[in-house]
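Beneath this line is the structure, given in structure tokens, with notes to follow.
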Amino acid sequence: MELLRVDLLNWPADRGSGGWVVPHDDPLVWWVVTAVHARYEAPRVVVDEYDALIGMVVPKVKRMNTLRAYLLDLDGTTTGLDVRERVLLHQRGERAAWWFLREVTEEKLKLMEQFREV
């Protein structure tokens, strides 16, 4: 499965199952979130760097937004889409933080483990 831009609708406040994941280019079909296996959050990153121009250490923003990701099971059978198990719904992009859907490998999950919410 290639990277697919999606929108979120009716996402529960507790970030659990029950929300809809809608393909961005086709709002008439959707997947229902049937299970949330894991939640990940990569916080905004600011580091101190030396600025040679002014001769001081200044804070520099490395990642503007807090980025989130979810490991989900999706069911799209009611609207003609397929059933997808253990797919990654994640934000991407520094300014807009759009949502994307993609298959995930065990290697990628190991890299993301440091950001897993308990």
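Just so we're on the same page: first chain in the structure tokens is A, next is B, and so on; residues restart at 1 for each chain, and ligands are numbered from 1 in the order they show up.
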
Item to complete: Run DSSP on the backbone and give me the residues of chain A it puts in alpha helix (DSSP H), as a list of chain:residue names.
Response: A:Glu106, A:Glu107, A:Lys108, A:Leu109, A:Lys110, A:Leu111, A:Met112

Practice prompt. Tell me which protein, DNA and RNA residues are within 10 Å of Leu67 of chain A, counting only C-alpha atoms, leaving out same-chain ones fewer than 3 positions away, and put them as a PyMOL selection string.
Written response: chain A and resi 40-44+63-64+90-94+97-99+115

Discussion item. I'd like to know which residues of segment 3-116 of chain A are strand (DSSP E or B) (by DSSP, run on the backbone); could you write them as an MDAnalysis selection string?
Written reply: chainID A and resid 4:9 20:23 31:42 45:51 56:63 67:75 83:92 98:103 116

Practice prompt. Counting only C-alpha atoms, figure out which residue out of A:Leu71, A:Met56, A:Val22, A:Leu111 gets nearest to Arg5 of chain A.
Written response: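 Smallest distance to Arg5 of chain A is found for A:Val22.
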
Discussion item. Under the rule that only C-alpha atoms are counted, which of A:Glu49, A:Asp73, A:Glu107, A:Glu113 is the nearest residue to Val21 of chain A?
Written reply: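 Of all the options, A:Asp73 lies closest to Val21 of chain A.
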